[in-house]
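These notes are about the structure you will find just below.
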Amino acid sequence: MAFSAALLVGCGGGGGGDSTSSSTGSAGSSNLQSVGAVPANDIEAHRFLTQATFGPTSSDISRVKAVGYERWIDEQLARPAQNTHLATAEASAVAQGTGRPMVNDVIFSWWTHAATDPAQLRQRVAFALSEIFVVSTTNAELAGDGRMVASYMDMLSDKIDGNYRSLLEGVALHPAMGTFLSHQGNRKEDTNTGRIADENFAREVMQLFSIGLVELNDDGTPKLADGQPQETYTADDVKGLAKVFTGWSWFRPAAKASVVWWQCFWRGDQCQDNSQSVTAMSSYTEEHSISEKRFLGATVPAQTTPNPQASLVTALDRLANHPNTAPFFAKQLIQRLVTSNPSPSYVQRVTAAFRASNGNIKATVKAVLLDAEARDMDLRETASFGKVREPLVRVIHLMRAIPHVSDAYNTAVTGGHLPYYLASTTDDTVSELGQTPMRAPSVFNFFRPGYKPPQTDLGNQDLVAPEMQITNETSVLGYANYVIQMVDFGWGHTNGQSQRIDMRFDLSSFDSLVDKPTAAAPQQLVTAVAQRLLGGPASSELNALMLTGVGKMPNVTAADRRRRVASAILMVAVSPQFIVQQ
């Protein structure tokens, strides 16, 4: 628990493939030590599932113990999402009578899929990708077009079946990304007026989505020259790449072929169609730069006839096959799923799997989860291993571990419609989570992968803790307040039909344990709650605190007994043992 202790101080208390997608079949095999292994017990299964899902359930644990890690991963990645975010958002909009999906419908869908979709690994990886290839509903246009954001989330999920090169193209051409990073409607340079191509996406696609800021070794460490890191790109690379993304704008449906081109380029009143929010952007030769485009050692020669597709292929191929891309992507995927500070050898092994599979996403995910470093139980006690679990992941874990009901969900199921939760925004740091899905404050996500908490033991040890960037005294209390709200009253919007908070825990499965063996020392309750949330016993310190705290609470009325259960859940939910994934 060394990493947990350090965190308490911090809290104050090449190869991505060519231009075609790789096979979408099995995730592939590898020579990693863990291949074919089966969890030795429930604790090992629970630990694996904490990395690979939004929270282990008893059925998940039974399945991975029965078939082993590798087969479970293959089963999960072969399983499609139970339905799309777009379909869920549209269904909730119809049920709510709002006419068209808005930002709330995106939130409904995210919580529903994260908590209930059997394709848990797909959902967890898609969430990781959404925190790397960031779009955000803080953008006013995205906030008003729930279909566009839901479609982007579906695209990330679908691209798990392909390779990184295909994923990068899906990201670059999706209207949500085009809107968020302003290359939708990007116009060619004009020497007469001084207009230049928009450089926003060109910069971020290098810095955040592919190669990063400094040249990397295959193990993720910086390459040094005279002891100094070397930059991966220059301002000239940005300018050259920006020209590639000129002439891309709203999808032009076949039915609008006779409409003057600029109407569709700007989505004018003569060229509007619902498909434009959910379909990859179209190229418009009229606004594509024909001048030479130089970037990252690649050159698109000057074009006599504008050819935006040819320019795009050259650019994306270069980014996908850049030597930095494999370690840059590999390390971030490890950080999102397993540990914030992977060893260089761990990063190098995942980098090798990425390259050997032509950037196949499934094979890379498998390499991350099956690596000996991910599966080694002894590493739980080392100072550098583990990660803070961000608030959204912790809360969904609670939902998957403890039975709950949703009036909106049940009503939809009864009526034969796609179900959804009436989840609400959770931005507030004082009483909520300080984090709402698909609502990062910027393209840099909620937190940066290299964040080192200042004036902490972690920082002094040169360790990163990305999620600590949204952790402070206020947010710690806000999370605790939100969990109290959840277990005491419920969470989400008030349901207009039932006039109750929509989602509520059912704690009845713990009722018989609240005074066992005695009311003053309810060890059976403490053990059951710990088993459900931690996959095994609480630490001796946490166990003693729970026994003392719950044992001193009244145990007379039904309300007293429920408060005992709620308090036991709260004490685990705010403990380092639950918050820190090791």
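By convention here, the chains of the structure tokens are called A, B, ... in the order presented, each chain's residues are numbered starting at 1, and ligands are numbered starting at 1 in the order presented.
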If we count only C-alpha atoms and set the cut-off at 10 Å, which residues sit around Pro229 (chain A), ignoring sequence neighbours fewer than 5 positions away in its own chain? Please answer as a VMD selection string. chain A and resid 213 to 216 221 to 224
Can you tell me, as an mmCIF file with C-alpha atoms, in the first residue's frame, which residues in region 52-222 of chain A count as helix (DSSP H, G or I) by DSSP?
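That gives us states-v1.cif:
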```cif
data_model
loop_
_atom_site.group_PDB
_atom_site.id
_atom_site.type_symbol
_atom_site.label_atom_id
_atom_site.label_comp_id
_atom_site.auth_asym_id
_atom_site.auth_seq_id
_atom_site.Cartn_x
_atom_site.Cartn_y
_atom_site.Cartn_z
ATOM 1 C CA ALA A 52 -10.490 -4.207 -17.364
ATOM 2 C CA SER A 58 -19.767 -11.784 -9.051
ATOM 3 C CA SER A 59 -20.604 -13.133 -12.504
ATOM 4 C CA ASP A 60 -17.539 -11.430 -14.005
ATOM 5 C CA ILE A 61 -15.352 -12.984 -11.329
ATOM 6 C CA SER A 62 -16.802 -16.445 -11.924
ATOM 7 C CA ARG A 63 -16.310 -16.163 -15.679
ATOM 8 C CA VAL A 64 -12.681 -15.027 -15.634
ATOM 9 C CA LYS A 65 -11.851 -17.737 -13.089
ATOM 10 C CA ALA A 66 -13.500 -20.317 -15.331
ATOM 11 C CA VAL A 67 -11.895 -19.382 -18.664
ATOM 12 C CA TYR A 69 -7.527 -14.000 -18.525
ATOM 13 C CA GLU A 70 -6.787 -14.364 -22.228
ATOM 14 C CA ARG A 71 -10.019 -16.075 -23.224
ATOM 15 C CA TRP A 72 -12.038 -13.579 -21.159
ATOM 16 C CA ILE A 73 -10.354 -10.706 -23.022
ATOM 17 C CA ASP A 74 -11.057 -12.359 -26.387
ATOM 18 C CA GLU A 75 -14.700 -12.929 -25.452
ATOM 19 C CA GLN A 76 -15.100 -9.348 -24.335
ATOM 20 C CA LEU A 77 -13.467 -7.778 -27.375
ATOM 21 C CA ALA A 78 -15.488 -9.979 -29.706
ATOM 22 C CA HIS A 85 -24.855 5.618 -27.671
ATOM 23 C CA LEU A 86 -26.649 7.283 -30.559
ATOM 24 C CA ALA A 87 -29.652 4.956 -30.262
ATOM 25 C CA THR A 88 -29.742 5.403 -26.477
ATOM 26 C CA ALA A 89 -29.515 9.194 -26.712
ATOM 27 C CA GLU A 90 -32.275 9.290 -29.321
ATOM 28 C CA ALA A 91 -34.482 6.999 -27.217
ATOM 29 C CA SER A 92 -34.040 9.137 -24.110
ATOM 30 C CA ALA A 93 -34.777 12.315 -26.093
ATOM 31 C CA VAL A 94 -38.034 10.798 -27.336
ATOM 32 C CA ALA A 95 -38.991 9.668 -23.839
ATOM 33 C CA GLN A 96 -38.146 13.065 -22.356
ATOM 34 C CA VAL A 103 -26.025 17.059 -23.784
ATOM 35 C CA ASN A 104 -28.138 15.469 -21.016
ATOM 36 C CA ASP A 105 -28.967 12.552 -23.297
ATOM 37 C CA VAL A 106 -25.249 11.934 -23.821
ATOM 38 C CA ILE A 107 -24.780 11.789 -20.049
ATOM 39 C CA PHE A 108 -27.735 9.403 -19.691
ATOM 40 C CA SER A 109 -26.202 7.106 -22.290
ATOM 41 C CA TRP A 110 -22.674 7.135 -20.855
ATOM 42 C CA TRP A 111 -23.797 6.127 -17.371
ATOM 43 C CA THR A 112 -26.135 3.478 -18.754
ATOM 44 C CA HIS A 113 -23.491 1.821 -20.909
ATOM 45 C CA ALA A 114 -20.754 2.052 -18.285
ATOM 46 C CA ALA A 115 -22.906 0.450 -15.616
ATOM 47 C CA THR A 116 -24.911 -2.137 -17.564
ATOM 48 C CA GLN A 120 -17.371 -4.079 -20.234
ATOM 49 C CA LEU A 121 -13.856 -4.177 -21.630
ATOM 50 C CA ARG A 122 -15.008 -2.456 -24.810
ATOM 51 C CA GLN A 123 -16.718 0.257 -22.757
ATOM 52 C CA ARG A 124 -13.694 0.731 -20.494
ATOM 53 C CA VAL A 125 -11.282 0.992 -23.438
ATOM 54 C CA ALA A 126 -13.627 3.362 -25.271
ATOM 55 C CA PHE A 127 -13.663 5.582 -22.178
ATOM 56 C CA ALA A 128 -9.865 5.499 -22.100
ATOM 57 C CA LEU A 129 -9.778 6.540 -25.757
ATOM 58 C CA SER A 130 -12.223 9.371 -25.046
ATOM 59 C CA ALA A 140 -21.428 25.218 -27.168
ATOM 60 C CA GLU A 141 -22.099 23.594 -30.530
ATOM 61 C CA LEU A 142 -21.424 20.104 -29.175
ATOM 62 C CA ALA A 143 -23.550 20.801 -26.103
ATOM 63 C CA GLY A 146 -26.182 15.253 -28.537
ATOM 64 C CA ARG A 147 -26.326 13.112 -31.669
ATOM 65 C CA MET A 148 -22.891 14.323 -32.743
ATOM 66 C CA VAL A 149 -21.247 13.559 -29.408
ATOM 67 C CA ALA A 150 -23.006 10.192 -29.059
ATOM 68 C CA SER A 151 -21.858 9.305 -32.569
ATOM 69 C CA TYR A 152 -18.270 10.205 -31.653
ATOM 70 C CA MET A 153 -18.466 7.890 -28.644
ATOM 71 C CA ASP A 154 -19.761 5.108 -30.899
ATOM 72 C CA MET A 155 -16.939 5.714 -33.357
ATOM 73 C CA LEU A 156 -14.343 5.228 -30.609
ATOM 74 C CA SER A 157 -16.024 1.986 -29.561
ATOM 75 C CA ASP A 158 -16.203 0.716 -33.140
ATOM 76 C CA LYS A 159 -12.569 1.555 -33.882
ATOM 77 C CA TYR A 164 -4.549 2.833 -34.669
ATOM 78 C CA ARG A 165 -4.339 4.230 -38.190
ATOM 79 C CA SER A 166 -8.062 3.614 -38.711
ATOM 80 C CA LEU A 167 -8.815 5.105 -35.288
ATOM 81 C CA LEU A 168 -6.809 8.229 -36.087
ATOM 82 C CA GLU A 169 -8.702 8.734 -39.344
ATOM 83 C CA GLY A 170 -12.019 8.228 -37.571
ATOM 84 C CA VAL A 171 -11.042 10.874 -35.032
ATOM 85 C CA ALA A 172 -9.711 13.335 -37.628
ATOM 86 C CA LEU A 173 -12.798 13.221 -39.845
ATOM 87 C CA PRO A 175 -17.660 16.201 -37.193
ATOM 88 C CA ALA A 176 -17.425 16.332 -33.388
ATOM 89 C CA MET A 177 -13.635 16.612 -33.554
ATOM 90 C CA GLY A 178 -13.870 18.950 -36.552
ATOM 91 C CA THR A 179 -16.166 21.186 -34.523
ATOM 92 C CA PHE A 180 -14.158 20.985 -31.305
ATOM 93 C CA ASN A 200 -5.497 24.017 -34.141
ATOM 94 C CA PHE A 201 -6.086 20.385 -35.077
ATOM 95 C CA ALA A 202 -2.695 20.056 -36.785
ATOM 96 C CA ARG A 203 -0.988 20.969 -33.511
ATOM 97 C CA GLU A 204 -3.112 18.814 -31.224
ATOM 98 C CA VAL A 205 -3.109 15.737 -33.467
ATOM 99 C CA MET A 206 0.673 15.667 -33.040
ATOM 100 C CA GLN A 207 0.979 16.792 -29.434
#
```
Can you tell me which residues surround Phe444 (chain A) at a distance of at most 12 Å, considering only C-alpha atoms, apart from same-chain residues fewer than 3 positions away, and format the answer as a list of chain:residue names? A:Ser130, A:Glu131, A:Ile132, A:Phe133, A:Val134, A:Val135, A:Ser136, A:Leu181, A:Glu204, A:Val205, A:Gln207, A:Leu208, A:Phe209, A:Arg439, A:Ala440, A:Pro441, A:Phe447, A:Arg448, A:Pro449, A:Gly450, A:Tyr451, A:Pro466, A:Gln469
Find the residues near region 425-438 of chain A: any atom within 6 Å, counting only C-alpha atoms, skip ones fewer than 6 places away on the same chain, and give them as an MDAnalysis selection string. chainID A and resid 136 391 474:475 478:479 481:482
Quick one: everything within 7 Å of Val580 (chain A), counting only C-alpha atoms, minus sequence neighbours fewer than 5 positions away in the same chain. Send it as number ranges by chain. A: 4, 386-389
Excluding region 263-271 of chain A and residues on its chain fewer than 3 positions from it, collect all residues at most 9 Å away from it, counting only C-alpha atoms, and give them as a compact mmCIF listing (two decimals) with all heavy atoms, in the first residue's frame.
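Listing of around-v5.txt after writing:
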```txt
# COMPACT_ATOMS: atom_id res chain seq x y z
N GLN A 184 -13.06 21.65 -39.09
CA GLN A 184 -14.25 21.57 -39.93
C GLN A 184 -14.49 22.97 -40.50
O GLN A 184 -14.58 23.95 -39.76
CB GLN A 184 -15.45 21.09 -39.10
CG GLN A 184 -16.77 21.10 -39.85
CD GLN A 184 -17.61 22.28 -39.42
OE1 GLN A 184 -17.66 23.30 -40.09
NE2 GLN A 184 -18.25 22.15 -38.28
N GLY A 185 -14.52 23.07 -41.84
CA GLY A 185 -14.61 24.38 -42.47
C GLY A 185 -13.28 25.08 -42.60
O GLY A 185 -13.23 26.31 -42.77
N GLY A 247 -10.14 22.22 -46.57
CA GLY A 247 -11.10 21.65 -47.51
C GLY A 247 -11.93 20.52 -46.95
O GLY A 247 -12.64 19.83 -47.69
N TRP A 248 -11.89 20.31 -45.63
CA TRP A 248 -12.74 19.28 -45.00
C TRP A 248 -13.84 19.99 -44.22
O TRP A 248 -13.58 20.90 -43.45
CB TRP A 248 -11.92 18.40 -44.06
CG TRP A 248 -10.94 17.54 -44.80
CD1 TRP A 248 -9.64 17.82 -45.07
CD2 TRP A 248 -11.20 16.26 -45.39
NE1 TRP A 248 -9.06 16.80 -45.79
CE2 TRP A 248 -10.00 15.83 -46.01
CE3 TRP A 248 -12.33 15.44 -45.45
CZ2 TRP A 248 -9.89 14.62 -46.68
CZ3 TRP A 248 -12.23 14.22 -46.12
CH2 TRP A 248 -11.03 13.83 -46.73
N SER A 249 -15.06 19.55 -44.45
CA SER A 249 -16.18 20.17 -43.75
C SER A 249 -17.36 19.21 -43.71
O SER A 249 -17.20 18.00 -43.92
CB SER A 249 -16.55 21.50 -44.40
OG SER A 249 -17.36 22.28 -43.54
N TRP A 250 -18.54 19.74 -43.48
CA TRP A 250 -19.72 18.91 -43.25
C TRP A 250 -19.95 17.89 -44.38
O TRP A 250 -19.71 18.16 -45.54
CB TRP A 250 -20.97 19.78 -43.15
CG TRP A 250 -20.95 20.71 -41.98
CD1 TRP A 250 -20.73 22.06 -42.01
CD2 TRP A 250 -21.14 20.36 -40.61
NE1 TRP A 250 -20.78 22.58 -40.75
CE2 TRP A 250 -21.04 21.56 -39.86
CE3 TRP A 250 -21.40 19.18 -39.94
CZ2 TRP A 250 -21.18 21.58 -38.48
CZ3 TRP A 250 -21.55 19.19 -38.57
CH2 TRP A 250 -21.43 20.39 -37.85
N PHE A 251 -20.39 16.71 -43.96
CA PHE A 251 -20.74 15.66 -44.91
C PHE A 251 -21.74 16.19 -45.94
O PHE A 251 -22.71 16.87 -45.59
CB PHE A 251 -21.35 14.47 -44.16
CG PHE A 251 -21.94 13.41 -45.04
CD1 PHE A 251 -21.15 12.68 -45.91
CD2 PHE A 251 -23.31 13.16 -44.99
CE1 PHE A 251 -21.71 11.69 -46.71
CE2 PHE A 251 -23.87 12.17 -45.78
CZ PHE A 251 -23.07 11.45 -46.66
N ARG A 252 -21.49 15.85 -47.21
CA ARG A 252 -22.36 16.30 -48.30
C ARG A 252 -23.18 15.11 -48.79
O ARG A 252 -22.67 14.26 -49.54
CB ARG A 252 -21.54 16.88 -49.44
CG ARG A 252 -22.38 17.57 -50.52
CD ARG A 252 -21.48 18.22 -51.56
NE ARG A 252 -22.24 19.07 -52.47
CZ ARG A 252 -21.69 19.80 -53.43
NH1 ARG A 252 -20.37 19.78 -53.60
NH2 ARG A 252 -22.45 20.55 -54.21
N PRO A 253 -24.44 14.99 -48.37
CA PRO A 253 -25.26 13.84 -48.77
C PRO A 253 -25.46 13.81 -50.29
O PRO A 253 -25.45 14.86 -50.96
CB PRO A 253 -26.60 14.08 -48.06
CG PRO A 253 -26.30 15.09 -46.99
CD PRO A 253 -25.17 15.92 -47.51
N LYS A 256 -27.84 16.09 -51.92
CA LYS A 256 -27.49 17.51 -52.02
C LYS A 256 -26.42 17.76 -53.09
O LYS A 256 -25.81 18.84 -53.13
CB LYS A 256 -26.98 18.02 -50.67
CG LYS A 256 -27.93 17.79 -49.50
CD LYS A 256 -29.22 18.57 -49.63
CE LYS A 256 -30.10 18.39 -48.40
NZ LYS A 256 -31.37 19.13 -48.50
N VAL A 259 -26.68 20.98 -55.05
CA VAL A 259 -26.61 22.23 -54.30
C VAL A 259 -25.21 22.82 -54.44
O VAL A 259 -24.20 22.10 -54.44
CB VAL A 259 -26.94 21.98 -52.80
CG1 VAL A 259 -26.76 23.27 -51.99
CG2 VAL A 259 -28.35 21.45 -52.65
N VAL A 260 -25.10 24.12 -54.57
CA VAL A 260 -23.81 24.76 -54.72
C VAL A 260 -22.90 24.35 -53.56
O VAL A 260 -23.34 24.28 -52.40
CB VAL A 260 -23.97 26.29 -54.81
CG1 VAL A 260 -24.57 26.87 -53.52
CG2 VAL A 260 -22.63 26.95 -55.12
N GLN A 276 -25.42 14.77 -41.22
CA GLN A 276 -24.18 15.54 -41.13
C GLN A 276 -23.59 15.53 -39.72
O GLN A 276 -22.38 15.71 -39.56
CB GLN A 276 -24.43 16.98 -41.60
CG GLN A 276 -24.71 17.07 -43.09
CD GLN A 276 -25.24 18.43 -43.50
OE1 GLN A 276 -26.10 19.01 -42.83
NE2 GLN A 276 -24.74 18.95 -44.61
N SER A 282 -16.81 15.50 -45.33
CA SER A 282 -16.50 15.38 -46.76
C SER A 282 -15.37 16.33 -47.13
O SER A 282 -15.13 17.34 -46.45
CB SER A 282 -17.74 15.72 -47.60
OG SER A 282 -18.76 14.76 -47.43
N SER A 283 -14.70 16.02 -48.24
CA SER A 283 -13.65 16.91 -48.74
C SER A 283 -14.22 17.82 -49.82
O SER A 283 -15.09 17.42 -50.61
CB SER A 283 -12.49 16.10 -49.31
OG SER A 283 -12.92 15.28 -50.38
N TYR A 284 -13.74 19.03 -49.84
CA TYR A 284 -14.17 20.05 -50.81
C TYR A 284 -12.91 20.58 -51.50
O TYR A 284 -12.11 21.31 -50.89
CB TYR A 284 -14.92 21.18 -50.12
CG TYR A 284 -16.24 20.75 -49.52
CD1 TYR A 284 -16.28 20.08 -48.29
CD2 TYR A 284 -17.44 21.01 -50.16
CE1 TYR A 284 -17.49 19.67 -47.73
CE2 TYR A 284 -18.66 20.62 -49.61
CZ TYR A 284 -18.68 19.95 -48.40
OH TYR A 284 -19.88 19.54 -47.85
```
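Going from CA of Ala544 (chain A) to CA of Thr456 (chain A) covers 27.4 Å.
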Can you tell me which residues surround Ser508 (chain A) at a distance of at most 10 Å, considering only C-alpha atoms, apart from same-chain residues fewer than 5 positions away, and format the answer as a short mmCIF file (atom, residue, chain, number, x, y, z; two decimals) with N, CA and C atoms, in the first residue's frame?
```cif
data_model
loop_
_atom_site.label_atom_id
_atom_site.label_comp_id
_atom_site.auth_asym_id
_atom_site.auth_seq_id
_atom_site.Cartn_x
_atom_site.Cartn_y
_atom_site.Cartn_z
N PRO A 403 -26.61 -3.66 -5.70
CA PRO A 403 -27.88 -3.60 -6.45
C PRO A 403 -28.50 -2.20 -6.36
N LEU A 513 -26.98 -8.76 8.25
CA LEU A 513 -25.61 -8.78 8.77
C LEU A 513 -25.29 -7.60 9.67
N ARG A 561 -30.75 0.48 10.91
CA ARG A 561 -30.04 -0.64 10.29
C ARG A 561 -29.55 -0.25 8.89
N ARG A 562 -30.37 0.49 8.17
CA ARG A 562 -29.94 0.92 6.83
C ARG A 562 -28.77 1.89 6.93
N VAL A 565 -25.53 0.01 7.26
CA VAL A 565 -25.04 -0.50 5.97
C VAL A 565 -24.44 0.65 5.15
#
```
Between A:Gly68, A:Gly144, A:Gly212, A:Pro118, which residue has the minimum interatomic distance to Thr234 (chain A), considering only C-alpha atoms?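 The shortest atom-to-atom distance to Thr234 (chain A) comes from A:Gly212.
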Using only C-alpha atoms, find the one residue out of A:Phe510, A:Gly415, A:Asn186, A:Arg400 that sits nearest to Gly55 (chain A). A:Arg400
Using only C-alpha atoms, tabulate the residues of region 365-401 of chain A lying at most 8 Å from any atom of region 533-542 of chain A, each with its closest atom pair and that distance in Å to one decimal, by chain and increasing residue number, as a tab-separated table.
```
residue	atom	partner	partner_atom	distance
A:His397	CA	A:Leu533	CA	7.9
A:Leu398	CA	A:Leu533	CA	7.1
A:Ala401	CA	A:Leu533	CA	6.3
```
Given the selection you just returned, output its residues as a file containing N, CA and C atoms, formatted as a PDB file, in the first residue's frame.
```pdb
ATOM      1  N   HIS A 397     -18.192   1.821 -10.306  1.00  0.00           N
ATOM      2  CA  HIS A 397     -17.850   0.595  -9.581  1.00  0.00           C
ATOM      3  C   HIS A 397     -18.871   0.331  -8.474  1.00  0.00           C
ATOM      4  N   LEU A 398     -19.215   1.362  -7.715  1.00  0.00           N
ATOM      5  CA  LEU A 398     -20.228   1.191  -6.668  1.00  0.00           C
ATOM      6  C   LEU A 398     -21.549   0.708  -7.259  1.00  0.00           C
ATOM      7  N   ALA A 401     -21.363  -2.931  -8.176  1.00  0.00           N
ATOM      8  CA  ALA A 401     -21.156  -3.840  -7.046  1.00  0.00           C
ATOM      9  C   ALA A 401     -22.384  -3.976  -6.157  1.00  0.00           C
TER      10      ALA A 401
END
```
If you run DSSP on this backbone, which residues of region 96-306 of chain A come out as strand (DSSP E or B), and could you give them as a count of residues only? 21
Let me make sure I understand: among A:Thr299, A:Gln485, A:Gln51, A:Asn410, which one has the smallest atom-to-atom distance to Phe505 (chain A) if we use only C-alpha atoms?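 Closest to Phe505 (chain A), using only C-alpha atoms: A:Gln485.
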Quick one: pull the distance between CA of Asp190 (chain A) and CA of Ser210 (chain A), Å, one decimal.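 Going from CA of Asp190 (chain A) over to CA of Ser210 (chain A) covers 29.0 Å.
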For a quick check of understanding, using only C-alpha atoms, which of A:Arg500, A:His288, A:Lys293, A:Arg336 has the smallest distance to Ala315 (chain A)? A:Lys293
